[in-house]
Amino acid sequence: MNVGRQLRLGVNIDHVATIRNARGGRHPDLLRAARLAAQAGADGITAHLREDRRHISDEDIRRLRSEIDLPLNMEMAATDEMLQIALRDPPHAVCMVPEKREERTTEGGLDVVAGFNHLRDFVERLGGAGIRVAMFVEPDPAQIDAAKALRAPVVELHTGAYCTAEGAAREAELERIVAAAAHAEAVDLECHAGHGLGFDTVGPVAAIAAIVELNIGHFLIGEAIFGGLQSAVKRMRAFMDEARAEALGERRA
Ligand code: PXP
């Protein structure tokens with residue numbers, strides 16, 4: 001993955017599934033989105049299999065795993081159900097995330113310090129199956145040290161607070177990320193980052209040399225509306241106009 005480039009992009013396609021699930025059926029097709037992301041330069045596909053299956057389904061994970069050439073990074077909570085799914089058909093990578101049923105998105109990092117004993121078995125078993133295991137944590141040295149002590153090879157820093165803050169507060173959050181990335185590098189952990197990143201916030205995070213992978217989803221799927229809506233409407237207009245012209249022509253003939 002990512003030969004010759006220093007910063008990988010994992011495209012999170014959860015919200016393609018959110019739109020699909022609004023109506024059921026298969027449109028918009030998740031695999032088509034994954035292939036487009038690959039063609040556009042993504043290095044990996046990220047998908048969060050939530051306990052309530054609000055977007056990604058078990059079948060999605062299976063198909064992304066078997067039908068897409070890019071590495072799959074499966075985000076999951078530390079539950080037995082998710083562990084069994086990951087072990088049954090191992091993805092390239094797993095990112096352990098906290099999960100609350102009532103939350104809209106993953107609101108904060110995993111508390112690896114408090115959950116140390118519970119998480120140990122997950123890291124061991126997933127790692128033992130050859131899966132690269134990441135811990136999604138706040139940019140906090142204590143959490144990074146706990147991930148290191150767990151022998152997880154990767155930490156992913158939660159960039160949500162940085163993205164939602166403004167002005168001096170955003171600068172302060174960025175400093176936390178810079179320091180945390182340096183700390184991860186110092187203790188020899190691979191460092192990723194993500195959550196809430198968009199065009200206006202990605203630059204300073206991408207500039208941090210210790211970070212080797214960004215995972216970005218919600219903004220990209222939202223932005224795709226603006227990049228793609230015009231062409232979709234134009235094509236629909238063309239189909240309509242063509243069908244009407246044909247029907248009129250047949251009636252006249
Ligand atoms: N990284 C992790 C661990 C996440 O849980 C998410 C959201 O699913 C992301 C990155 C991507 O966040 P966003 O969709 O806000 O770009």
# chains A, B, ... in the order shown; residues from 1 in each chain; ligands from 1
$ residues_near_ligand --ligand "ligand 1" --cutoff "7 Å" --atoms "only C-alpha atoms and all ligand atoms" --output "ChimeraX atom specification"
/A:12,48,75,95,97,105-106,136,156,158,193-197,215-219
$ select_by_dssp --residues "stretch 122-208 of chain A" --states "strand (DSSP E)" --output "list of chain:residue names"
A:Arg132, A:Val133, A:Ala134, A:Met135, A:Phe136, A:Val137, A:Val154, A:Val155, A:Glu156, A:Leu157, A:His158, A:Glu190, A:Cys191, A:His192, A:Ala193, A:Gly194
$ residues_around --residues "stretch 25-39 of chain A" --least-positions-apart "3" --cutoff "12 Å" --atoms "only C-alpha atoms" --output "ChimeraX atom specification"
/A:1-2,8-22,42-47,55-57,59-72,216-217,220-221,224
$ select_by_dssp --residues "stretch 67-217 of chain A" --states "helix (DSSP H, G or I)" --output "PyMOL selection string"
chain A and resi 67+80-88+116-128+141-149+160-164+167-186+202-206
$ closest_residue --among "A:Asp111, A:Glu213, A:Asp200, A:Asp145" --to "A:Val187" --atoms "only C-alpha atoms"
A:Asp145
$ closest_residue --among "A:Leu248, A:Ile225, A:Ile211, A:Ala146" --to "A:Ala179" --atoms "only C-alpha atoms"
A:Ile211
$ residues_around --residues "A:Asp52" --least-positions-apart "4" --cutoff "12 Å" --atoms "only C-alpha atoms" --output "JSON, numbers by chain"
{"A": [48, 56, 57, 58, 76, 77, 81, 82, 99, 100, 101, 102, 103, 104]}
$ write_last_selection --atoms "N, CA, C and O atoms" --output "compact mmCIF listing (two decimals), in the first residue's frame"
# COMPACT_ATOMS: atom_id res chain seq x y z
N HIS A 48 -16.99 1.62 9.24
CA HIS A 48 -17.28 1.38 10.65
C HIS A 48 -18.51 0.48 10.76
O HIS A 48 -19.62 0.90 10.44
N ILE A 56 -23.02 0.85 7.65
CA ILE A 56 -22.34 -0.33 7.08
C ILE A 56 -22.96 -1.61 7.63
O ILE A 56 -23.26 -1.71 8.83
N SER A 57 -23.14 -2.60 6.73
CA SER A 57 -23.71 -3.89 7.14
C SER A 57 -22.63 -4.97 7.11
O SER A 57 -21.55 -4.76 6.54
N ASP A 58 -22.94 -6.10 7.68
CA ASP A 58 -22.00 -7.23 7.65
C ASP A 58 -21.67 -7.63 6.21
O ASP A 58 -20.53 -7.94 5.88
N MET A 76 -14.22 -0.68 14.66
CA MET A 76 -15.13 -1.51 15.47
C MET A 76 -14.99 -1.22 16.95
O MET A 76 -13.94 -0.80 17.42
N ALA A 77 -16.07 -1.45 17.67
CA ALA A 77 -16.05 -1.37 19.12
C ALA A 77 -15.47 -2.66 19.68
O ALA A 77 -15.44 -3.68 18.99
N GLU A 81 -18.95 -9.67 19.62
CA GLU A 81 -19.56 -9.83 18.30
C GLU A 81 -18.62 -9.31 17.21
O GLU A 81 -18.38 -10.00 16.20
N MET A 82 -18.08 -8.11 17.41
CA MET A 82 -17.19 -7.53 16.40
C MET A 82 -15.89 -8.33 16.27
O MET A 82 -15.36 -8.50 15.16
N GLU A 99 -17.91 3.33 21.31
CA GLU A 99 -19.19 3.42 20.61
C GLU A 99 -20.32 3.57 21.61
O GLU A 99 -20.41 2.77 22.55
N LYS A 100 -21.12 4.60 21.38
CA LYS A 100 -22.33 4.74 22.20
C LYS A 100 -23.50 4.75 21.24
O LYS A 100 -23.46 5.41 20.20
N ARG A 101 -24.51 3.99 21.59
CA ARG A 101 -25.63 3.84 20.67
C ARG A 101 -26.29 5.18 20.33
O ARG A 101 -26.67 5.44 19.20
N GLU A 102 -26.35 6.08 21.30
CA GLU A 102 -27.09 7.33 21.09
C GLU A 102 -26.28 8.40 20.37
O GLU A 102 -26.81 9.44 19.98
N GLU A 103 -24.98 8.17 20.17
CA GLU A 103 -24.17 9.23 19.57
C GLU A 103 -24.40 9.28 18.05
O GLU A 103 -24.74 8.28 17.43
N ARG A 104 -24.16 10.48 17.49
CA ARG A 104 -24.28 10.60 16.03
C ARG A 104 -23.04 10.09 15.34
O ARG A 104 -23.07 9.58 14.24
$ atom_distance --atom1 "atom CA of A:Val112" --atom2 "atom CA of A:Ala147"
6.4 Å
